[in-house]
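Here's the structure we're looking at; comments come further down.
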Amino acid sequence: MSGRDPFCQPRRIRRGAALTLVFASVLVAGAATGNLPGADREATAEGARPAAPVGHHADVARAAEEAAADGTSPLEAAQRAVSRSGDRWAAVYSPGEYEEFEDALDGQYTGVGLWARERDGRVEVTKVGGGTPAAEAGIRAGDRLRSVDGEPVDGRPVTEVVSLLRGDTTGESAGTTVRLGLERGTRAWSETLRRARLSRDTVTVRELAPRVCVIEVGAFTKGTGDQVRTAVRRVPAGSGIVLDLRGNPGGLVAEAVTAASAFLDGGLVATYDVEGEQRALHAEPGGDTTRPLVALVDGGTMSAAELLTGALRDRGRAVVVGSRTFGKGSVQMPTPLPDGSVAELTVGHYRTPSGRGVDGHGLTPDLEAGERALERAETVLSGLGR
């Protein structure tokens with residue numbers, strides 16, 4: 001599974017929700033009025049059991065209200081109620097944490113600018129953001145991260161490493177320092193970096209080879225969908241596209257639907273249920289339906305990124321290359337609490353256009369590929385072009 005330093009994970013967040021921004025993110029913008037941007041949400045899992053009993057919003061809200069009436073902490077009462085609910089993806093945020101969560105959806109984050117993944121028990125840097133503290137320190141993709149502030153990271157989940165880099169567990173913020181133990185080949189050294197408030201460009205475009213364009217989507221924050229559509233329009237005529245969704249932790253579902261509209265001429269993107277009520281997400285008409293397309297995925301492809309992948313494959317629009325995706329296909333909805341904190345609780349699941357569930361299963365690619373996945377994608381793309 002892949003993780004990244006930059007994607008915001010609010011302090012004291014429950015471990016399950018720390019894995020992804022989940023589908024609740026689209027609800028931040030629209031659920032209060034019942035109007036979701038660009039459509040609705042999603043639904044999930046082939047044989048997957050519901051993440052929590054429907055209607056436990058009421059139990060959590062009641063616990064918080066009773067705590068407020070008793071003069072105790074509504075946030076802590078809500079956290080206890082959530083832990084009893086068995087809702088794997090639920091989280092309770094303080095007002096400050098929820099503000100940070102929303103900042104993440106705007107593409108803002110606190111960190112040092114590293115992307116990382118776990119490989120064979122070790123943590124490896126996969127990307128360094130330009131102009132970030134990590135870039136200025138000379139850290140490069142392929143470097144091994146051995147420790148954070150003296151704590152060894154080998155064998156730890158990437159999500160925990162991310163929290164250490166950000167200072168989540170100690171309440172650190174922009175301007176504080178973090179000491180990294182690093183290794184490159186036979187060289188081992190330490191770097192002390194200062195955390196910064198950074199902006200994230202979620203869409204990057206590059207030419208992989210003649211007539212092969214790679215559009216990499218790092219996350220679905222606000223504006224990402226339109227960035228994808230603009231990138232597709234600018235790809236030279238006669239070129240195929242590799243849509244790189246590896247390590248994409250998801251984000252705003254409406255943005256994933258807009259991205260799907262770049263490749264589809266309207267039609268179904270996903271179905272979902274909210275407390276038993278069936279709904280659907282549809283692409284806008286007018287997308288590019290003829291250009292050869294390969295979607296590149298891995299174990300870090302999650303949530304809204306899985307929704308997009310499933311839509312493109314089920315609609316016959318893309319060949320999927322890489323490794324099995326993460327398997328996050330549940331729908332969360334925010335519940336305001338008396339003290340201004342917010343509980344994000346599971347209300348349903350989404351399915352791909354063919355009715356396939358994702359939660360707990362993930363998506364299996366059409367062509368399995370590991371280390372040389374991008375090379376395999378290029379080969380498949382050339383075949384599609386012919």
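Chain labels follow the order of the structure tokens: the first chain is A, the next B, and so on; residue numbering restarts at 1 in every chain, and ligands are counted from 1 in their shown order.
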
Where in region 109-324 of chain A does DSSP assign strand (DSSP E), given as a ChimeraX atom specification? /A:109-111,114-119,122-128,144-148,151-152,177-184,187-194,196-199,203-209,212-217,240-244,267-274,277-283,293-297,319-322

Generate a file of the selected residues that holds C-alpha atoms, formatted as an mmCIF file, in the first residue's frame.
data_model
loop_
_atom_site.group_PDB
_atom_site.id
_atom_site.type_symbol
_atom_site.label_atom_id
_atom_site.label_comp_id
_atom_site.auth_asym_id
_atom_site.auth_seq_id
_atom_site.Cartn_x
_atom_site.Cartn_y
_atom_site.Cartn_z
ATOM 1 C CA TYR A 109 -1.135 20.483 3.558
ATOM 2 C CA THR A 110 1.534 20.663 6.224
ATOM 3 C CA GLY A 111 4.579 18.495 5.671
ATOM 4 C CA LEU A 114 7.654 13.465 0.510
ATOM 5 C CA TRP A 115 5.658 10.673 -1.086
ATOM 6 C CA ALA A 116 6.539 7.215 0.232
ATOM 7 C CA ARG A 117 5.563 3.569 0.034
ATOM 8 C CA GLU A 118 6.357 0.357 1.867
ATOM 9 C CA ARG A 119 8.345 -2.257 -0.011
ATOM 10 C CA ARG A 122 11.121 -0.872 4.187
ATOM 11 C CA VAL A 123 9.866 2.631 3.499
ATOM 12 C CA GLU A 124 10.978 4.100 0.191
ATOM 13 C CA VAL A 125 10.619 7.664 -1.082
ATOM 14 C CA THR A 126 8.666 7.532 -4.342
ATOM 15 C CA LYS A 127 8.425 11.244 -5.143
ATOM 16 C CA VAL A 128 9.644 14.607 -3.858
ATOM 17 C CA ARG A 144 15.174 4.775 1.779
ATOM 18 C CA LEU A 145 13.602 6.410 4.825
ATOM 19 C CA ARG A 146 15.039 4.681 7.889
ATOM 20 C CA SER A 147 13.813 6.794 10.801
ATOM 21 C CA VAL A 148 11.787 9.861 11.765
ATOM 22 C CA GLU A 151 12.112 6.296 15.576
ATOM 23 C CA PRO A 152 12.819 3.432 13.114
ATOM 24 C CA THR A 177 11.523 20.564 12.568
ATOM 25 C CA VAL A 178 11.727 16.845 11.899
ATOM 26 C CA ARG A 179 14.903 14.752 11.656
ATOM 27 C CA LEU A 180 14.973 12.045 8.983
ATOM 28 C CA GLY A 181 17.346 9.092 8.793
ATOM 29 C CA LEU A 182 17.995 8.290 5.128
ATOM 30 C CA GLU A 183 19.897 5.822 2.983
ATOM 31 C CA ARG A 184 20.954 5.889 -0.658
ATOM 32 C CA ARG A 187 25.428 6.099 2.024
ATOM 33 C CA ALA A 188 23.465 6.682 5.239
ATOM 34 C CA TRP A 189 22.849 10.178 6.590
ATOM 35 C CA SER A 190 20.457 12.405 8.523
ATOM 36 C CA GLU A 191 18.590 15.523 7.436
ATOM 37 C CA THR A 192 16.717 17.970 9.659
ATOM 38 C CA LEU A 193 13.849 19.560 7.745
ATOM 39 C CA ARG A 194 11.434 22.314 8.705
ATOM 40 C CA ALA A 196 5.993 23.929 5.843
ATOM 41 C CA ARG A 197 2.507 24.815 4.672
ATOM 42 C CA LEU A 198 2.469 23.632 1.083
ATOM 43 C CA SER A 199 0.165 23.678 -1.913
ATOM 44 C CA VAL A 203 -2.330 16.769 -11.846
ATOM 45 C CA THR A 204 0.961 16.505 -13.722
ATOM 46 C CA VAL A 205 1.434 15.809 -17.422
ATOM 47 C CA ARG A 206 4.510 14.506 -19.222
ATOM 48 C CA GLU A 207 5.462 12.772 -22.430
ATOM 49 C CA LEU A 208 6.628 9.222 -21.781
ATOM 50 C CA ALA A 209 7.495 8.434 -25.391
ATOM 51 C CA VAL A 212 2.408 8.485 -25.309
ATOM 52 C CA CYS A 213 1.262 11.049 -22.716
ATOM 53 C CA VAL A 214 1.116 10.341 -18.967
ATOM 54 C CA ILE A 215 -1.474 12.228 -16.911
ATOM 55 C CA GLU A 216 -0.736 11.581 -13.233
ATOM 56 C CA VAL A 217 -3.482 12.371 -10.744
ATOM 57 C CA GLY A 240 -2.567 7.798 -26.361
ATOM 58 C CA ILE A 241 -2.916 8.461 -22.632
ATOM 59 C CA VAL A 242 -1.691 6.636 -19.544
ATOM 60 C CA LEU A 243 -3.867 7.825 -16.642
ATOM 61 C CA ASP A 244 -1.607 7.210 -13.641
ATOM 62 C CA GLY A 267 -23.580 7.770 -18.945
ATOM 63 C CA LEU A 268 -23.206 5.971 -15.639
ATOM 64 C CA VAL A 269 -20.069 6.364 -13.525
ATOM 65 C CA ALA A 270 -21.219 4.595 -10.338
ATOM 66 C CA THR A 271 -24.225 3.756 -8.199
ATOM 67 C CA TYR A 272 -24.372 4.044 -4.428
ATOM 68 C CA ASP A 273 -26.740 3.780 -1.521
ATOM 69 C CA VAL A 274 -27.277 6.157 1.359
ATOM 70 C CA GLU A 277 -31.730 4.744 -0.881
ATOM 71 C CA GLN A 278 -30.216 3.994 -4.304
ATOM 72 C CA ARG A 279 -28.606 6.839 -6.245
ATOM 73 C CA ALA A 280 -26.342 7.248 -9.245
ATOM 74 C CA LEU A 281 -23.453 9.338 -10.562
ATOM 75 C CA HIS A 282 -23.311 10.273 -14.251
ATOM 76 C CA ALA A 283 -20.618 11.721 -16.470
ATOM 77 C CA LEU A 293 -6.388 4.919 -22.745
ATOM 78 C CA VAL A 294 -4.652 2.852 -20.051
ATOM 79 C CA ALA A 295 -5.403 3.352 -16.340
ATOM 80 C CA LEU A 296 -2.412 2.572 -14.119
ATOM 81 C CA VAL A 297 -3.226 1.496 -10.517
ATOM 82 C CA VAL A 319 -7.459 -1.156 -20.011
ATOM 83 C CA VAL A 320 -6.351 -1.303 -16.358
ATOM 84 C CA VAL A 321 -2.695 -2.163 -15.673
ATOM 85 C CA GLY A 322 -0.852 -2.569 -12.365
#

Would you give me, as a list in words, the residues in region 264-378 of chain A that DSSP reads as helix (DSSP H, G or I)? Ala304, Ala305, Glu306, Leu307, Leu308, Thr309, Gly310, Ala311, Leu312, Arg313, Asp314, Ala373, Leu374, Glu375, Arg376, Ala377 and Glu378 of chain A

Those residues with all heavy atoms, as a short mmCIF file (atom, residue, chain, number, x, y, z; two decimals), in the first residue's frame please?
data_model
loop_
_atom_site.label_atom_id
_atom_site.label_comp_id
_atom_site.auth_asym_id
_atom_site.auth_seq_id
_atom_site.Cartn_x
_atom_site.Cartn_y
_atom_site.Cartn_z
N ALA A 304 -12.17 7.43 -4.31
CA ALA A 304 -12.65 8.05 -5.54
C ALA A 304 -11.82 7.63 -6.74
O ALA A 304 -12.32 7.57 -7.87
CB ALA A 304 -12.63 9.57 -5.40
N ALA A 305 -10.53 7.32 -6.53
CA ALA A 305 -9.68 6.85 -7.63
C ALA A 305 -10.12 5.47 -8.09
O ALA A 305 -10.04 5.14 -9.28
CB ALA A 305 -8.22 6.82 -7.20
N GLU A 306 -10.61 4.64 -7.17
CA GLU A 306 -11.14 3.33 -7.54
C GLU A 306 -12.46 3.49 -8.29
O GLU A 306 -12.75 2.75 -9.23
CB GLU A 306 -11.32 2.46 -6.29
CG GLU A 306 -10.00 2.07 -5.65
CD GLU A 306 -10.20 1.27 -4.37
OE1 GLU A 306 -10.56 1.90 -3.35
OE2 GLU A 306 -10.00 0.05 -4.39
N LEU A 307 -13.27 4.46 -7.86
CA LEU A 307 -14.52 4.73 -8.55
C LEU A 307 -14.26 5.08 -10.01
O LEU A 307 -14.91 4.56 -10.92
CB LEU A 307 -15.25 5.87 -7.84
CG LEU A 307 -16.59 6.35 -8.41
CD1 LEU A 307 -17.49 6.84 -7.27
CD2 LEU A 307 -16.38 7.49 -9.39
N LEU A 308 -13.29 5.96 -10.24
CA LEU A 308 -12.95 6.36 -11.61
C LEU A 308 -12.43 5.17 -12.41
O LEU A 308 -12.84 4.94 -13.56
CB LEU A 308 -11.91 7.47 -11.58
CG LEU A 308 -11.33 7.91 -12.93
CD1 LEU A 308 -12.43 8.37 -13.88
CD2 LEU A 308 -10.28 9.00 -12.74
N THR A 309 -11.55 4.39 -11.81
CA THR A 309 -10.98 3.22 -12.50
C THR A 309 -12.08 2.23 -12.89
O THR A 309 -12.12 1.74 -14.02
CB THR A 309 -9.96 2.51 -11.59
OG1 THR A 309 -8.92 3.43 -11.22
CG2 THR A 309 -9.35 1.30 -12.28
N GLY A 310 -12.99 1.95 -11.95
CA GLY A 310 -14.06 1.01 -12.23
C GLY A 310 -14.97 1.49 -13.34
O GLY A 310 -15.42 0.70 -14.18
N ALA A 311 -15.24 2.80 -13.37
CA ALA A 311 -16.10 3.35 -14.41
C ALA A 311 -15.45 3.22 -15.78
O ALA A 311 -16.10 2.80 -16.75
CB ALA A 311 -16.41 4.82 -14.11
N LEU A 312 -14.18 3.55 -15.89
CA LEU A 312 -13.50 3.50 -17.18
C LEU A 312 -13.38 2.07 -17.69
O LEU A 312 -13.50 1.82 -18.89
CB LEU A 312 -12.12 4.15 -17.07
CG LEU A 312 -12.11 5.65 -16.75
CD1 LEU A 312 -10.68 6.16 -16.60
CD2 LEU A 312 -12.85 6.45 -17.83
N ARG A 313 -13.17 1.12 -16.78
CA ARG A 313 -13.06 -0.26 -17.23
C ARG A 313 -14.43 -0.85 -17.58
O ARG A 313 -14.61 -1.45 -18.65
CB ARG A 313 -12.39 -1.14 -16.17
CG ARG A 313 -12.25 -2.58 -16.67
CD ARG A 313 -11.33 -3.40 -15.83
NE ARG A 313 -11.88 -3.69 -14.52
CZ ARG A 313 -11.26 -4.41 -13.62
NH1 ARG A 313 -10.05 -4.91 -13.88
NH2 ARG A 313 -11.80 -4.65 -12.45
N ASP A 314 -15.40 -0.66 -16.71
CA ASP A 314 -16.72 -1.24 -16.96
C ASP A 314 -17.37 -0.65 -18.22
O ASP A 314 -18.15 -1.34 -18.90
CB ASP A 314 -17.64 -1.01 -15.76
CG ASP A 314 -17.32 -1.94 -14.60
OD1 ASP A 314 -16.33 -2.68 -14.70
OD2 ASP A 314 -18.07 -1.91 -13.61
N ALA A 373 5.46 -1.45 -14.24
CA ALA A 373 4.07 -1.22 -14.61
C ALA A 373 3.94 -0.14 -15.68
O ALA A 373 3.14 -0.28 -16.62
CB ALA A 373 3.25 -0.84 -13.38
N LEU A 374 4.71 0.93 -15.56
CA LEU A 374 4.60 2.01 -16.54
C LEU A 374 5.04 1.54 -17.92
O LEU A 374 4.43 1.87 -18.94
CB LEU A 374 5.42 3.21 -16.09
CG LEU A 374 5.23 4.51 -16.88
CD1 LEU A 374 3.76 4.91 -16.91
CD2 LEU A 374 6.08 5.62 -16.29
N GLU A 375 6.08 0.72 -17.95
CA GLU A 375 6.55 0.16 -19.21
C GLU A 375 5.50 -0.76 -19.83
O GLU A 375 5.25 -0.72 -21.04
CB GLU A 375 7.85 -0.61 -18.98
CG GLU A 375 8.48 -1.18 -20.22
CD GLU A 375 9.77 -1.92 -19.91
OE1 GLU A 375 10.51 -1.47 -19.03
OE2 GLU A 375 10.02 -2.96 -20.55
N ARG A 376 4.84 -1.56 -18.97
CA ARG A 376 3.78 -2.44 -19.47
C ARG A 376 2.61 -1.61 -20.00
O ARG A 376 1.99 -1.96 -21.01
CB ARG A 376 3.30 -3.37 -18.35
CG ARG A 376 4.35 -4.34 -17.82
CD ARG A 376 4.81 -5.34 -18.87
NE ARG A 376 3.76 -6.23 -19.31
CZ ARG A 376 3.40 -7.34 -18.67
NH1 ARG A 376 3.99 -7.68 -17.53
NH2 ARG A 376 2.45 -8.11 -19.16
N ALA A 377 2.30 -0.52 -19.30
CA ALA A 377 1.21 0.34 -19.74
C ALA A 377 1.50 0.92 -21.12
O ALA A 377 0.62 1.00 -21.98
CB ALA A 377 0.99 1.46 -18.72
N GLU A 378 2.75 1.32 -21.33
CA GLU A 378 3.13 1.87 -22.63
C GLU A 378 2.97 0.83 -23.74
O GLU A 378 2.50 1.12 -24.83
CB GLU A 378 4.58 2.36 -22.58
CG GLU A 378 5.07 2.97 -23.88
CD GLU A 378 6.54 3.33 -23.83
OE1 GLU A 378 7.16 3.22 -22.76
OE2 GLU A 378 7.08 3.70 -24.89
#

Computed interatomic separation between CA of Ser163 (chain A) and CA of Ala256 (chain A) (Å):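 Distance between the two atoms: 25.9 Å.
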
CA of Leu245 (chain A) to CA of Arg88 (chain A): how many Å, to one decimal?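 Straight-line distance from CA of Leu245 (chain A) to CA of Arg88 (chain A) works out to 24.0 Å.
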
Interatomic distance, CA of Asp226 (chain A) to CA of Ala262 (chain A) (Å, one decimal):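 Calculated distance between CA of Asp226 (chain A) and CA of Ala262 (chain A) is 8.5 Å.
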
How close does region 317-338 of chain A get to region 53-69 of chain A? List, as a Markdown table, each residue of region 317-338 of chain A within 10 Å, its nearest atom pair and the distance in Å to one decimal, counting only C-alpha atoms.
| residue | atom | partner | partner_atom | distance |
| --- | --- | --- | --- | --- |
| A:Met333 | CA | A:His57 | CA | 8.8 |
| A:Pro334 | CA | A:His57 | CA | 8.9 |
| A:Thr335 | CA | A:His57 | CA | 7.0 |
| A:Pro336 | CA | A:Ala61 | CA | 8.0 |
| A:Leu337 | CA | A:Ala61 | CA | 6.4 |
| A:Pro338 | CA | A:Glu65 | CA | 6.3 |

Residues just named, written with N, CA, C and O atoms as an mmCIF file, in the first residue's frame:
data_model
loop_
_atom_site.group_PDB
_atom_site.id
_atom_site.type_symbol
_atom_site.label_atom_id
_atom_site.label_comp_id
_atom_site.auth_asym_id
_atom_site.auth_seq_id
_atom_site.Cartn_x
_atom_site.Cartn_y
_atom_site.Cartn_z
ATOM 1 N N MET A 333 -20.870 10.374 5.827
ATOM 2 C CA MET A 333 -21.636 11.622 5.891
ATOM 3 C C MET A 333 -21.278 12.350 7.190
ATOM 4 O O MET A 333 -21.159 11.724 8.244
ATOM 5 N N PRO A 334 -21.086 13.677 7.121
ATOM 6 C CA PRO A 334 -20.718 14.426 8.331
ATOM 7 C C PRO A 334 -21.921 14.716 9.222
ATOM 8 O O PRO A 334 -23.009 15.018 8.740
ATOM 9 N N THR A 335 -21.707 14.605 10.530
ATOM 10 C CA THR A 335 -22.718 14.956 11.518
ATOM 11 C C THR A 335 -22.131 16.000 12.456
ATOM 12 O O THR A 335 -21.200 15.697 13.207
ATOM 13 N N PRO A 336 -22.634 17.251 12.440
ATOM 14 C CA PRO A 336 -22.132 18.282 13.360
ATOM 15 C C PRO A 336 -22.501 17.918 14.801
ATOM 16 O O PRO A 336 -23.602 17.412 15.073
ATOM 17 N N LEU A 337 -21.583 18.204 15.738
ATOM 18 C CA LEU A 337 -21.808 17.913 17.145
ATOM 19 C C LEU A 337 -21.937 19.228 17.924
ATOM 20 O O LEU A 337 -21.550 20.286 17.428
ATOM 21 N N PRO A 338 -22.484 19.189 19.154
ATOM 22 C CA PRO A 338 -22.794 20.428 19.893
ATOM 23 C C PRO A 338 -21.607 21.362 20.124
ATOM 24 O O PRO A 338 -21.793 22.574 20.218
#

Residues within 8 Å of Gly266 (chain A), please, as number ranges by chain. Count only C-alpha atoms; anything in the same chain fewer than 3 positions from it doesn't count. A: 261, 282-287
